[in-house]
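Dumped query.cif below, it's mmCIF, C-alpha atoms:
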data_structure
#
loop_
_atom_site.label_atom_id
_atom_site.label_comp_id
_atom_site.auth_asym_id
_atom_site.auth_seq_id
_atom_site.Cartn_x
_atom_site.Cartn_y
_atom_site.Cartn_z
CA MET A 1 -35.12 13.78 -43.84
CA ASN A 2 -32.01 13.39 -45.93
CA THR A 3 -29.28 13.20 -43.30
CA THR A 4 -26.45 12.79 -45.77
CA SER A 5 -26.79 16.02 -47.74
CA ASN A 6 -24.05 18.55 -47.25
CA SER A 7 -26.41 21.29 -46.21
CA TYR A 8 -27.93 19.08 -43.52
CA VAL A 9 -24.49 18.13 -42.22
CA MET A 10 -23.46 21.77 -42.08
CA THR A 11 -26.67 22.85 -40.34
CA PHE A 12 -26.39 20.03 -37.86
CA ALA A 13 -22.76 20.81 -37.04
CA VAL A 14 -23.43 24.50 -36.55
CA GLY A 15 -26.55 23.85 -34.50
CA MET A 16 -24.68 21.38 -32.33
CA CYS A 17 -21.83 23.78 -31.63
CA VAL A 18 -24.13 26.69 -30.83
CA THR A 19 -26.26 24.59 -28.47
CA VAL A 20 -23.35 23.07 -26.60
CA SER A 21 -21.51 26.37 -26.26
CA THR A 22 -24.65 28.13 -25.02
CA VAL A 23 -25.20 25.47 -22.37
CA LEU A 24 -21.57 25.64 -21.24
CA ALA A 25 -21.49 29.43 -21.23
CA LEU A 26 -24.62 29.57 -19.07
CA LEU A 27 -23.21 26.99 -16.68
CA ALA A 28 -19.83 28.70 -16.40
CA ASN A 29 -21.56 32.00 -15.72
CA GLY A 30 -23.81 30.51 -13.11
CA LEU A 31 -20.96 28.82 -11.26
CA ARG A 32 -18.44 31.63 -11.53
CA GLU A 33 -19.01 33.14 -8.12
CA THR A 34 -18.89 29.82 -6.29
CA GLN A 35 -15.70 28.93 -8.15
CA GLN A 36 -14.07 32.24 -7.31
CA ALA A 37 -14.99 31.83 -3.67
CA ALA A 38 -13.52 28.32 -3.70
CA ALA A 39 -10.31 29.57 -5.34
CA GLU A 40 -10.03 32.42 -2.84
CA PHE A 41 -10.46 29.99 0.05
CA ASP A 42 -7.76 27.80 -1.48
CA ARG A 43 -5.47 30.83 -1.65
CA GLN A 44 -6.13 31.66 2.00
CA LYS A 45 -5.41 28.10 2.97
CA ASN A 46 -2.08 28.30 1.17
CA VAL A 47 -1.15 31.51 2.95
CA MET A 48 -1.86 29.75 6.25
CA MET A 49 0.02 26.64 5.18
CA ALA A 50 3.10 28.66 4.19
CA ALA A 51 2.96 30.44 7.56
CA GLY A 52 2.67 27.09 9.32
CA LEU A 53 -0.71 27.92 10.85
CA ILE A 54 -2.30 24.80 9.40
CA GLN A 55 -1.08 21.58 7.83
CA ALA A 56 -2.01 20.34 4.39
CA GLY A 57 -5.16 18.23 4.59
CA ASP A 58 -6.42 19.94 7.72
CA ALA A 59 -9.68 18.23 8.69
CA ARG A 60 -11.38 21.38 9.95
CA THR A 61 -14.35 22.75 8.06
CA ARG A 62 -14.19 25.65 5.69
CA GLU A 63 -15.91 28.00 8.16
CA GLU A 64 -13.43 27.17 10.91
CA LEU A 65 -10.44 27.67 8.64
CA GLU A 66 -11.81 30.94 7.32
CA LYS A 67 -12.13 32.09 10.92
CA VAL A 68 -8.51 31.15 11.62
CA PHE A 69 -7.48 33.16 8.59
CA GLU A 70 -9.48 36.16 9.73
CA GLU A 71 -8.05 36.00 13.24
CA LYS A 72 -4.43 35.25 12.50
CA VAL A 73 -3.66 36.78 9.12
CA THR A 74 -3.63 40.41 8.07
CA GLU A 75 -3.14 41.26 4.44
CA VAL A 76 -1.96 44.65 3.26
CA THR A 77 -1.04 46.09 -0.10
CA VAL A 78 2.61 47.06 -0.35
CA ASP A 79 4.25 49.42 -2.81
CA VAL A 80 7.35 47.35 -3.50
CA GLU A 81 9.32 50.31 -4.84
CA SER A 82 9.21 52.28 -1.62
CA GLY A 83 8.38 49.39 0.67
CA ALA A 84 5.53 51.37 2.15
CA VAL A 85 2.10 49.97 2.96
CA VAL A 86 -0.77 51.51 1.03
CA ALA A 87 -3.06 52.62 3.82
CA ASP A 88 -6.27 53.25 1.94
CA ALA A 89 -7.90 49.90 1.17
CA GLU A 90 -10.01 51.11 -1.76
CA ASP A 91 -7.13 52.99 -3.31
CA ALA A 92 -5.00 49.85 -2.91
CA GLY A 93 -7.36 47.74 -5.00
CA ALA A 94 -7.29 50.26 -7.85
CA LYS A 95 -3.52 50.55 -7.69
CA ARG A 96 -3.09 46.76 -7.73
CA LYS A 97 -5.19 46.55 -10.84
CA GLU A 98 -3.16 49.25 -12.51
CA ASP A 99 0.30 47.90 -11.71
CA PRO A 100 0.10 44.42 -10.19
CA ARG A 101 3.86 43.94 -10.05
CA ARG A 102 4.42 47.14 -8.09
CA TYR A 103 1.49 46.93 -5.69
CA ARG A 104 1.31 43.49 -4.14
CA VAL A 105 -0.57 41.90 -1.30
CA VAL A 106 1.61 40.81 1.59
CA GLY A 107 0.32 38.82 4.52
CA THR A 108 1.37 38.95 8.13
CA ALA A 109 0.51 35.90 10.18
CA ARG A 110 0.59 35.80 13.95
CA THR A 111 2.04 32.42 14.88
CA GLU A 112 3.37 30.94 18.06
CA LYS A 113 6.85 32.01 16.99
CA GLY A 114 5.97 35.65 16.43
CA GLU A 115 4.93 37.52 13.32
CA VAL A 116 5.62 35.82 10.06
CA THR A 117 5.68 37.62 6.72
CA VAL A 118 3.98 35.78 3.88
CA LEU A 119 5.17 37.02 0.50
CA PRO A 120 3.47 36.15 -2.78
CA VAL A 121 5.88 34.66 -5.31
CA SER A 122 4.99 33.94 -8.91
CA GLY A 123 6.66 33.51 -12.23
CA LYS A 124 7.23 31.31 -15.22
CA GLY A 125 7.93 27.61 -14.98
CA LEU A 126 8.01 25.61 -18.18
CA TRP A 127 4.43 25.84 -19.44
CA SER A 128 2.74 28.19 -17.09
CA THR A 129 2.90 30.84 -14.45
CA ILE A 130 3.39 29.27 -11.03
CA TYR A 131 1.80 31.00 -8.05
CA GLY A 132 2.88 30.46 -4.50
CA TYR A 133 3.54 31.91 -1.08
CA LEU A 134 6.84 32.11 0.73
CA ALA A 135 6.73 32.72 4.47
CA LEU A 136 9.74 34.15 6.26
CA GLU A 137 10.50 33.82 9.97
CA SER A 138 10.55 37.03 11.98
CA ASP A 139 14.30 37.33 11.35
CA ASN A 140 13.43 37.92 7.66
CA ASP A 141 16.08 35.43 6.70
CA HIS A 142 14.96 31.87 7.25
CA VAL A 143 12.14 30.30 5.27
CA ARG A 144 9.23 29.23 7.42
CA GLY A 145 7.35 27.56 4.64
CA ILE A 146 6.49 27.71 0.98
CA THR A 147 3.47 26.57 -0.99
CA PHE A 148 2.61 26.57 -4.65
CA TYR A 149 -1.10 26.57 -5.25
CA LYS A 150 -1.65 27.32 -8.91
CA HIS A 151 0.32 26.14 -11.91
CA GLY A 152 -0.02 24.32 -15.20
CA GLU A 153 3.18 22.27 -15.12
CA THR A 154 3.35 18.65 -16.24
CA PRO A 155 1.81 16.39 -13.59
CA GLY A 156 4.49 14.16 -12.07
CA LEU A 157 7.39 16.30 -13.33
CA GLY A 158 7.17 20.08 -12.90
CA GLY A 159 3.83 19.56 -11.21
CA GLU A 160 5.75 18.20 -8.25
CA VAL A 161 6.36 21.80 -7.12
CA GLU A 162 3.21 21.40 -5.06
CA ASN A 163 4.41 18.13 -3.51
CA PRO A 164 4.55 18.75 0.26
CA GLN A 165 7.60 16.49 0.56
CA TRP A 166 9.49 18.76 -1.78
CA THR A 167 8.29 22.05 -0.32
CA ALA A 168 9.18 20.76 3.17
CA GLN A 169 12.86 20.98 2.19
CA TRP A 170 12.59 24.74 1.94
CA VAL A 171 11.85 25.11 5.63
CA GLY A 172 14.78 26.59 7.54
CA LYS A 173 16.79 27.55 4.44
CA SER A 174 18.40 30.96 4.59
CA ILE A 175 17.57 33.43 1.81
CA ARG A 176 20.56 35.69 2.46
CA ARG A 177 23.41 34.35 0.41
CA ASP A 178 26.86 35.90 0.13
CA ASN A 179 26.21 37.06 -3.39
CA GLY A 180 22.51 37.67 -3.47
CA ILE A 181 19.13 36.69 -2.17
CA GLY A 182 16.91 33.66 -2.56
CA VAL A 183 16.97 29.90 -2.29
CA ILE A 184 18.48 27.92 -5.13
CA VAL A 185 16.77 24.86 -6.58
CA LYS A 186 19.76 22.74 -7.44
CA LYS A 187 19.97 20.40 -10.39
CA GLY A 188 20.24 17.08 -8.61
CA LYS A 189 20.58 16.47 -4.89
CA VAL A 190 21.85 18.88 -2.28
CA ASP A 191 25.23 17.91 -0.84
CA GLU A 192 24.65 18.21 2.90
CA GLY A 193 28.42 18.24 3.45
CA VAL A 194 28.85 21.60 1.74
CA PRO A 195 27.79 24.36 4.18
CA LYS A 196 26.73 26.72 1.41
CA GLU A 197 24.44 24.13 -0.15
CA LYS A 198 23.04 23.01 3.18
CA ALA A 199 22.06 26.58 4.02
CA HIS A 200 20.70 27.86 0.72
CA TYR A 201 19.95 24.98 -1.68
CA VAL A 202 17.07 22.56 -2.14
CA ASP A 203 16.92 19.40 -4.28
CA GLY A 204 15.94 19.86 -7.89
CA LEU A 205 12.76 18.37 -9.31
CA ALA A 206 13.65 15.25 -11.25
CA GLY A 207 12.86 15.66 -14.92
CA ALA A 208 11.86 19.27 -14.51
CA THR A 209 15.00 21.38 -14.83
CA ILE A 210 13.25 24.30 -16.48
CA THR A 211 10.55 24.43 -13.82
CA SER A 212 13.26 24.22 -11.14
CA ASN A 213 15.27 27.03 -12.71
CA GLY A 214 12.08 29.05 -13.08
CA VAL A 215 11.31 28.68 -9.39
CA THR A 216 14.86 29.74 -8.46
CA SER A 217 14.71 32.84 -10.61
CA PHE A 218 11.24 34.07 -9.73
CA VAL A 219 11.75 33.50 -6.02
CA GLU A 220 14.96 35.52 -6.25
CA ARG A 221 13.28 38.26 -8.28
CA ASP A 222 10.31 38.55 -5.95
CA LEU A 223 12.44 38.52 -2.81
CA LYS A 224 14.56 41.27 -4.32
CA ALA A 225 11.42 43.23 -5.06
CA PHE A 226 10.28 42.92 -1.45
CA GLU A 227 13.71 43.97 -0.04
CA ALA A 228 12.54 47.51 0.62
CA TYR A 229 9.49 46.27 2.49
CA LEU A 230 11.42 43.66 4.45
CA SER A 231 14.11 46.11 5.57
CA LYS A 232 11.41 48.38 6.98
CA ASN A 233 9.93 45.67 9.13
CA MET B 234 -16.01 -4.40 -28.72
CA THR B 235 -19.12 -6.31 -27.92
CA ALA B 236 -22.37 -4.45 -27.99
CA THR B 237 -25.23 -5.81 -25.99
CA ALA B 238 -27.65 -4.19 -28.38
CA THR B 239 -30.94 -5.87 -29.02
CA PRO B 240 -33.75 -4.53 -31.16
CA GLU B 241 -36.19 -2.47 -29.21
CA THR B 242 -39.65 -3.78 -28.68
CA GLU B 243 -42.65 -1.58 -28.04
CA LYS B 244 -44.04 -3.25 -24.97
CA ALA B 245 -40.78 -4.15 -23.29
CA PRO B 246 -40.87 -3.82 -19.50
CA LEU B 247 -38.99 -0.87 -18.01
CA PHE B 248 -36.48 -3.12 -16.35
CA GLY B 249 -36.60 -6.55 -18.00
CA ASP B 250 -33.96 -9.16 -18.58
CA ASP B 251 -32.30 -7.20 -21.36
CA GLU B 252 -31.92 -4.16 -19.15
CA LYS B 253 -30.60 -6.32 -16.39
CA ARG B 254 -27.96 -7.68 -18.70
CA VAL B 255 -27.10 -4.18 -19.87
CA VAL B 256 -26.43 -3.26 -16.26
CA ILE B 257 -24.67 -6.40 -15.04
CA ASP B 258 -22.46 -7.15 -18.01
CA PRO B 259 -20.12 -4.16 -17.67
CA LEU B 260 -19.72 -4.74 -13.95
CA TRP B 261 -18.12 -8.13 -14.33
CA ASP B 262 -18.22 -10.20 -17.55
CA ASN B 263 -17.52 -7.33 -19.86
CA ASN B 264 -15.82 -4.93 -17.50
CA PRO B 265 -14.35 -1.99 -19.42
CA ILE B 266 -11.03 -2.05 -17.55
CA ALA B 267 -10.52 -5.69 -16.61
CA THR B 268 -11.90 -7.30 -19.76
CA GLN B 269 -11.77 -4.70 -22.48
CA MET B 270 -8.57 -3.06 -21.20
CA LEU B 271 -9.92 0.43 -21.78
CA GLY B 272 -9.30 3.52 -19.70
CA ILE B 273 -6.08 2.14 -18.25
CA CYS B 274 -4.22 5.45 -18.37
CA SER B 275 -6.48 7.28 -15.95
CA ALA B 276 -6.86 4.14 -13.84
CA LEU B 277 -3.12 4.25 -13.24
CA ALA B 278 -2.84 7.96 -12.76
CA VAL B 279 -5.59 8.90 -10.33
CA THR B 280 -5.65 5.93 -7.99
CA THR B 281 -3.07 6.93 -5.38
CA ARG B 282 -5.87 7.62 -2.91
CA LEU B 283 -9.38 6.32 -2.46
CA ASP B 284 -11.16 9.69 -2.26
CA VAL B 285 -9.66 10.81 -5.57
CA SER B 286 -10.62 7.48 -7.16
CA ILE B 287 -14.20 7.83 -5.94
CA VAL B 288 -14.54 11.35 -7.35
CA MET B 289 -12.99 10.23 -10.63
CA GLY B 290 -15.38 7.26 -10.75
CA ILE B 291 -18.40 9.46 -10.10
CA SER B 292 -17.23 11.93 -12.75
CA VAL B 293 -16.90 9.18 -15.34
CA ILE B 294 -20.35 7.81 -14.43
CA CYS B 295 -21.89 11.28 -14.87
CA VAL B 296 -20.11 11.92 -18.15
CA MET B 297 -21.09 8.55 -19.56
CA ALA B 298 -24.69 8.85 -18.48
CA MET B 299 -25.04 12.34 -19.93
CA ALA B 300 -23.24 11.59 -23.19
CA ASN B 301 -25.04 8.29 -23.71
CA VAL B 302 -28.48 9.83 -23.25
CA VAL B 303 -27.79 12.83 -25.48
CA ILE B 304 -26.32 10.71 -28.27
CA SER B 305 -29.13 8.21 -27.97
CA LEU B 306 -31.74 10.97 -28.33
CA LEU B 307 -29.95 12.36 -31.36
CA ARG B 308 -29.05 9.00 -32.88
CA ASN B 309 -31.43 9.23 -35.81
CA MET B 310 -30.52 12.82 -36.58
CA ILE B 311 -26.75 12.58 -36.46
CA PRO B 312 -25.28 12.53 -39.97
CA SER B 313 -23.07 9.46 -40.11
CA LYS B 314 -20.30 11.43 -41.86
CA ILE B 315 -19.60 13.51 -38.79
CA ARG B 316 -20.87 11.20 -36.07
CA ILE B 317 -17.51 10.78 -34.32
CA ILE B 318 -17.04 14.53 -34.10
CA VAL B 319 -20.59 14.98 -32.83
CA GLN B 320 -19.89 12.35 -30.18
CA LEU B 321 -16.70 14.15 -29.22
CA VAL B 322 -18.52 17.46 -28.88
CA VAL B 323 -21.11 15.88 -26.62
CA VAL B 324 -18.47 14.11 -24.51
CA SER B 325 -16.39 17.28 -24.21
CA GLY B 326 -19.46 19.24 -23.20
CA ALA B 327 -20.31 16.70 -20.50
CA VAL B 328 -16.73 16.67 -19.24
CA ILE B 329 -16.61 20.46 -19.03
CA ILE B 330 -19.88 20.43 -17.08
CA VAL B 331 -18.41 17.95 -14.59
CA ASP B 332 -15.15 19.90 -14.38
CA GLN B 333 -16.88 23.22 -13.74
CA VAL B 334 -19.13 21.74 -11.07
CA LEU B 335 -16.15 20.09 -9.33
CA ARG B 336 -14.22 23.36 -9.40
CA ALA B 337 -17.11 25.11 -7.71
CA TYR B 338 -17.98 22.51 -5.08
CA ALA B 339 -14.91 20.30 -4.59
CA PHE B 340 -12.01 22.61 -5.37
CA ASP B 341 -9.32 20.58 -3.61
CA LEU B 342 -10.23 17.36 -5.35
CA ALA B 343 -10.61 19.14 -8.68
CA LYS B 344 -7.08 20.46 -8.21
CA GLN B 345 -5.70 17.02 -7.47
CA LEU B 346 -7.48 15.41 -10.38
CA GLY B 347 -6.39 18.34 -12.49
CA VAL B 348 -5.88 17.39 -16.07
CA PHE B 349 -7.32 13.89 -15.62
CA ILE B 350 -10.88 15.19 -15.48
CA SER B 351 -10.38 16.83 -18.86
CA LEU B 352 -8.78 13.65 -20.10
CA ILE B 353 -12.04 11.75 -19.56
CA ILE B 354 -12.75 13.07 -23.06
CA THR B 355 -10.10 10.74 -24.41
CA ASN B 356 -11.16 7.81 -22.24
CA CYS B 357 -11.93 5.10 -24.77
CA ILE B 358 -14.72 3.70 -22.61
CA VAL B 359 -16.85 6.80 -23.21
CA MET B 360 -16.44 6.95 -26.97
CA GLY B 361 -16.65 3.18 -27.19
CA ARG B 362 -20.04 3.02 -25.51
CA LEU B 363 -21.40 5.90 -27.57
CA GLU B 364 -20.38 4.25 -30.81
CA ALA B 365 -21.27 0.70 -29.83
CA PHE B 366 -24.39 1.25 -27.76
CA ALA B 367 -25.96 4.70 -27.69
CA MET B 368 -26.00 5.01 -31.50
CA GLY B 369 -28.28 1.99 -31.68
CA ASN B 370 -30.39 2.02 -28.52
CA GLY B 371 -33.06 4.11 -26.87
CA PRO B 372 -32.31 6.74 -24.22
CA TRP B 373 -33.44 4.66 -21.20
CA ARG B 374 -31.24 1.73 -22.04
CA SER B 375 -28.39 4.01 -23.01
CA LEU B 376 -28.66 5.71 -19.63
CA LEU B 377 -28.43 2.32 -17.90
CA ASP B 378 -25.54 1.32 -20.12
CA GLY B 379 -23.68 4.54 -19.39
CA ILE B 380 -24.14 4.27 -15.65
CA ALA B 381 -23.24 0.58 -15.62
CA ASN B 382 -20.07 1.02 -17.64
CA GLY B 383 -19.14 3.96 -15.46
CA LEU B 384 -19.69 1.78 -12.41
CA GLY B 385 -17.63 -1.01 -13.93
CA TYR B 386 -14.80 1.50 -14.31
CA ALA B 387 -15.40 3.07 -10.90
CA TRP B 388 -15.33 -0.07 -8.79
CA ILE B 389 -12.05 -1.21 -10.26
CA ILE B 390 -10.30 2.12 -9.72
CA CYS B 391 -11.78 2.28 -6.20
CA VAL B 392 -10.32 -1.13 -5.37
CA VAL B 393 -6.95 -0.09 -6.79
CA GLY B 394 -7.19 3.26 -4.96
CA ALA B 395 -8.05 1.63 -1.64
CA VAL B 396 -5.20 -0.89 -1.82
CA ARG B 397 -2.71 1.75 -2.90
CA GLU B 398 -3.74 4.12 -0.12
CA ILE B 399 -3.62 1.44 2.57
CA PHE B 400 -0.22 0.06 1.60
CA GLY B 401 1.26 3.22 0.14
CA SER B 402 0.44 5.64 2.93
CA GLY B 403 -1.13 3.53 5.66
CA LYS B 404 -4.39 5.43 5.41
CA LEU B 405 -7.88 4.98 4.04
CA LEU B 406 -9.85 8.08 3.04
CA GLY B 407 -7.22 10.10 4.91
CA VAL B 408 -7.73 8.21 8.19
CA GLN B 409 -4.80 6.18 9.45
CA VAL B 410 -5.66 2.47 9.40
CA ILE B 411 -2.27 0.91 10.03
CA PRO B 412 -1.66 1.36 13.78
CA ASP B 413 1.39 3.25 15.07
CA ALA B 414 2.49 0.09 16.84
CA MET B 415 3.15 -1.49 13.45
CA TYR B 416 5.40 1.39 12.40
CA GLU B 417 7.25 1.18 15.69
CA ALA B 418 7.73 -2.53 15.07
CA GLY B 419 9.53 -1.65 11.86
CA TYR B 420 6.73 -1.59 9.28
CA VAL B 421 7.39 0.74 6.38
CA ASN B 422 4.92 2.07 3.83
CA ASN B 423 5.40 0.56 0.43
CA GLY B 424 6.73 3.37 -1.75
CA LEU B 425 5.98 1.45 -4.93
CA MET B 426 2.27 1.73 -4.25
CA VAL B 427 2.35 5.53 -4.53
CA LEU B 428 3.95 5.34 -7.96
CA ALA B 429 2.29 4.39 -11.24
CA PRO B 430 4.05 1.02 -11.56
CA GLY B 431 2.37 -0.05 -8.30
CA ALA B 432 -1.00 0.58 -9.91
CA PHE B 433 0.10 -1.32 -12.98
CA LEU B 434 0.99 -4.39 -10.92
CA LEU B 435 -2.23 -4.19 -8.94
CA LEU B 436 -4.31 -3.82 -12.05
CA GLY B 437 -2.57 -6.86 -13.50
CA VAL B 438 -3.41 -8.85 -10.38
CA ILE B 439 -7.06 -7.75 -10.55
CA VAL B 440 -7.31 -8.75 -14.21
CA TRP B 441 -5.70 -12.09 -13.41
CA VAL B 442 -8.04 -12.81 -10.50
CA GLN B 443 -11.07 -11.68 -12.47
CA ARG B 444 -10.17 -13.88 -15.45
CA ALA B 445 -9.33 -16.83 -13.25
CA ILE B 446 -12.78 -16.64 -11.70
CA MET B 447 -14.46 -16.15 -15.07
CA GLY B 448 -12.41 -18.86 -16.73
CA LYS B 449 -11.82 -16.52 -19.66
CA VAL B 450 -9.01 -17.33 -22.06
CA GLU B 451 -7.68 -14.74 -24.50
CA GLU B 452 -8.55 -16.04 -27.93
#
Using structure tokens, write down the structure from this file.
Amino acid sequence: MNTTSNSYVMTFAVGMCVTVSTVLALLANGLRETQQAAAEFDRQKNVMMAAGLIQAGDARTREELEKVFEEKVTEVTVDVESGAVVADAEDAGAKRKEDPRRYRVVGTARTEKGEVTVLPVSGKGLWSTIYGYLALESDNDHVRGITFYKHGETPGLGGEVENPQWTAQWVGKSIRRDNGIGVIVKKGKVDEGVPKEKAHYVDGLAGATITSNGVTSFVERDLKAFEAYLSKN
Amino acid sequence: MTATATPETEKAPLFGDDEKRVVIDPLWDNNPIATQMLGICSALAVTTRLDVSIVMGISVICVMAMANVVISLLRNMIPSKIRIIVQLVVVSGAVIIVDQVLRAYAFDLAKQLGVFISLIITNCIVMGRLEAFAMGNGPWRSLLDGIANGLGYAWIICVVGAVREIFGSGKLLGVQVIPDAMYEAGYVNNGLMVLAPGAFLLLGVIVWVQRAIMGKVEE
């Protein structure tokens, strides 16, 4: 066989690509359900982590944690414009698909300190959409916890949004500022001596100003969106 | 790059001296990280904890075994004009397989390894072995070579990972190994170990020790 002729090279290249892509497509299809289940479990874990029900790196098995979620967390679909809960579960799914920014899933977690609202927050960082959960204490003012579980930011820079040491700073911050709502990710370090900063600011992510600003703005936007729901509860 | 290629003989035993050398060489004498200085980037990036290092090591072993065997089977059919691209396609395919499987069955670890699994594609060890070994040897030997080079990579990053986890966070595989009494007595975790420069220093020490034992001098 003449393996140097152009036609052979072309045939080989095409054959190679088709074979490899078929194998990968079959594999991806076969694993899709398991992957979705794993991603959903990861999401549930993050809801629980934001609410302070579990710690990161909890040693319990998946079944046990799923049981905790089932027992302690209730998720409902909320119409953010009116702040009302969509009662019909099937209807809620369809509505969420139609207008995901208007109909959003909000969790309520029963913790030792009363009911905690877990709000989904998401928005643009530098490269990607960042997804997370922000849990508010029952006074609807102080942050109980925040987690970011899905993003495509640069590892080591913007990717540090998921660093537990950084997210730990959010705990106890107040979202009700004099001139608005939300927690501000400062550029640089928070000055603990300034009362305003101590109450509402967290340290910026070094080398990731755009990610930090993104987090500030989407947290503010989402909290604003949930105002109607929060004031009803 | 030194290839341990020898011409194939028809009646060679399944696991003779040649095969033994193929397996043992990359573990010590010709270790891809310590001797050939390949794959350093991922060795620095993923070794903050032992469990992550182990998964990364296993992933690299799987990718290298798969890619080596496939390329070895195709070695007489691959047009030499596009052989690098063909190798890349095979490596990428193998990496995606590993990535998809990890995402389904070890989601947390897959998330932590993140982009570094995909970056196995650019790990010079993989391409290097394909070009230097699999293109000229049969599938059985290529399989051994792939696994052995993967192991050579894996054991080094596991050592680095273990040391960094013990001194950086006082744990091993997530279990605390440094007793609380030590912390009360004023012991502090070494922050440098959690950062990339800590891995760099450690890797340097490993290379030094390994070369001192081998008596190798850079020519």
Residues of chain B that have any atom at most 7 Å from an atom of chain A: could you tabulate them with the shortest-distance atom pair and the distance in Å to one decimal, using all atoms listed in the file, ordered by chain and increasing number, as a tab-separated table?
residue	atom	partner	partner_atom	distance
B:Met310	CA	A:Thr3	CA	6.8
B:Pro312	CA	A:Thr3	CA	5.2
B:Gly326	CA	A:Val20	CA	6.4
B:Ile330	CA	A:Leu24	CA	6.9
B:Gln333	CA	A:Ala28	CA	6.8
B:Arg336	CA	A:Gln35	CA	5.9
B:Ala337	CA	A:Gln35	CA	4.1
B:Phe340	CA	A:Ala38	CA	6.1
Selection dump of the PyMOL selection byres ((chain B and resi 354) around 9), as a count of residues only: 15
Neighbour residues at most 6 Å from (5.4, 31.4, 6.8) (only C-alpha atoms) as number ranges by chain: A: 50-52, 116, 118, 135-136, 144-145
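Each of A:Arg101, A:Gly214, A:Thr167, A:Val106 was checked against Ala84 of chain A using all atoms listed in the file; the smallest atom-to-atom distance is that of A:Val106.
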Spatial neighbours of Leu342 of chain B, 9 Å, all atoms listed in the file, chain gap at least 3 places, as an mmCIF file with C-alpha atoms, in the coordinates of the input:
data_model
loop_
_atom_site.group_PDB
_atom_site.id
_atom_site.type_symbol
_atom_site.label_atom_id
_atom_site.label_comp_id
_atom_site.auth_asym_id
_atom_site.auth_seq_id
_atom_site.Cartn_x
_atom_site.Cartn_y
_atom_site.Cartn_z
ATOM 1 C CA ASP B 284 -11.160 9.690 -2.260
ATOM 2 C CA VAL B 285 -9.660 10.810 -5.570
ATOM 3 C CA VAL B 288 -14.540 11.350 -7.350
ATOM 4 C CA LEU B 335 -16.150 20.090 -9.330
ATOM 5 C CA ARG B 336 -14.220 23.360 -9.400
ATOM 6 C CA ALA B 339 -14.910 20.300 -4.590
ATOM 7 C CA GLN B 345 -5.700 17.020 -7.470
ATOM 8 C CA LEU B 346 -7.480 15.410 -10.380
ATOM 9 C CA GLY B 347 -6.390 18.340 -12.490
#
Shortest interatomic distance to Val393 of chain B - which of B:Gly290, B:Glu252, B:Gly419, B:Pro372, counting only C-alpha atoms: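 Of B:Gly290, B:Glu252, B:Gly419, B:Pro372, the one nearest Val393 of chain B is B:Gly290, counting only C-alpha atoms.
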With 8 Å added on each side, what axis-aligned box encloses every listed atom of segment 53-56 of chain A? Give the centre and edge lengths in Å to one decimal, as AutoDock Vina command-line options.
--center_x -1.5 --center_y 24.1 --center_z 7.6 --size_x 17.6 --size_y 23.6 --size_z 22.5
Who sits within 6 Å of His142 of chain A, all atoms listed in the file, same chain under 5 positions skipped, as a short mmCIF file (atom, residue, chain, number, x, y, z; two decimals) with C-alpha atoms, keeping the file's coordinate frame:
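This is the output file part-v7.cif:
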data_model
loop_
_atom_site.label_atom_id
_atom_site.label_comp_id
_atom_site.auth_asym_id
_atom_site.auth_seq_id
_atom_site.Cartn_x
_atom_site.Cartn_y
_atom_site.Cartn_z
CA LEU A 136 9.74 34.15 6.26
CA GLU A 137 10.50 33.82 9.97
CA GLY A 172 14.78 26.59 7.54
CA LYS A 173 16.79 27.55 4.44
CA SER A 174 18.40 30.96 4.59
#
Within 9 Å of Ile291 of chain B using all atoms listed in the file, minus same-chain residues under 3 positions, as number ranges by chain: B: 286-288, 294-296, 383-384, 387
Expansion of the PyMOL selection byres ((chain B and resi 437) around 12) into residues, as a list of chain:residue names: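 What the PyMOL selection byres ((chain B and resi 437) around 12) grabs from the file is B:Ile266, B:Ala267, B:Thr268, B:Met270, B:Ile273, B:Ala276, B:Leu277, B:Ile389, B:Val393, B:Pro430, B:Gly431, B:Ala432, B:Phe433, B:Leu434, B:Leu435, B:Leu436, B:Val438, B:Ile439, B:Val440, B:Trp441, B:Val442, B:Gln443, B:Arg444.
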Can you rebuild segment 37-42 of chain A with N, CA and C atoms and give it as an mmCIF file, in the frame of the given file?
data_model
loop_
_atom_site.group_PDB
_atom_site.id
_atom_site.type_symbol
_atom_site.label_atom_id
_atom_site.label_comp_id
_atom_site.auth_asym_id
_atom_site.auth_seq_id
_atom_site.Cartn_x
_atom_site.Cartn_y
_atom_site.Cartn_z
ATOM 1 N N ALA A 37 -15.049 31.944 -5.131
ATOM 2 C CA ALA A 37 -14.990 31.830 -3.670
ATOM 3 C C ALA A 37 -14.142 30.622 -3.279
ATOM 4 N N ALA A 38 -14.302 29.521 -4.011
ATOM 5 C CA ALA A 38 -13.520 28.320 -3.700
ATOM 6 C C ALA A 38 -12.035 28.563 -3.950
ATOM 7 N N ALA A 39 -11.719 29.293 -5.035
ATOM 8 C CA ALA A 39 -10.310 29.570 -5.340
ATOM 9 C C ALA A 39 -9.716 30.502 -4.296
ATOM 10 N N GLU A 40 -10.503 31.483 -3.859
ATOM 11 C CA GLU A 40 -10.030 32.420 -2.840
ATOM 12 C C GLU A 40 -9.768 31.692 -1.522
ATOM 13 N N PHE A 41 -10.651 30.772 -1.187
ATOM 14 C CA PHE A 41 -10.460 29.990 0.050
ATOM 15 C C PHE A 41 -9.191 29.146 -0.072
ATOM 16 N N ASP A 42 -8.969 28.601 -1.252
ATOM 17 C CA ASP A 42 -7.760 27.800 -1.480
ATOM 18 C C ASP A 42 -6.514 28.662 -1.295
#
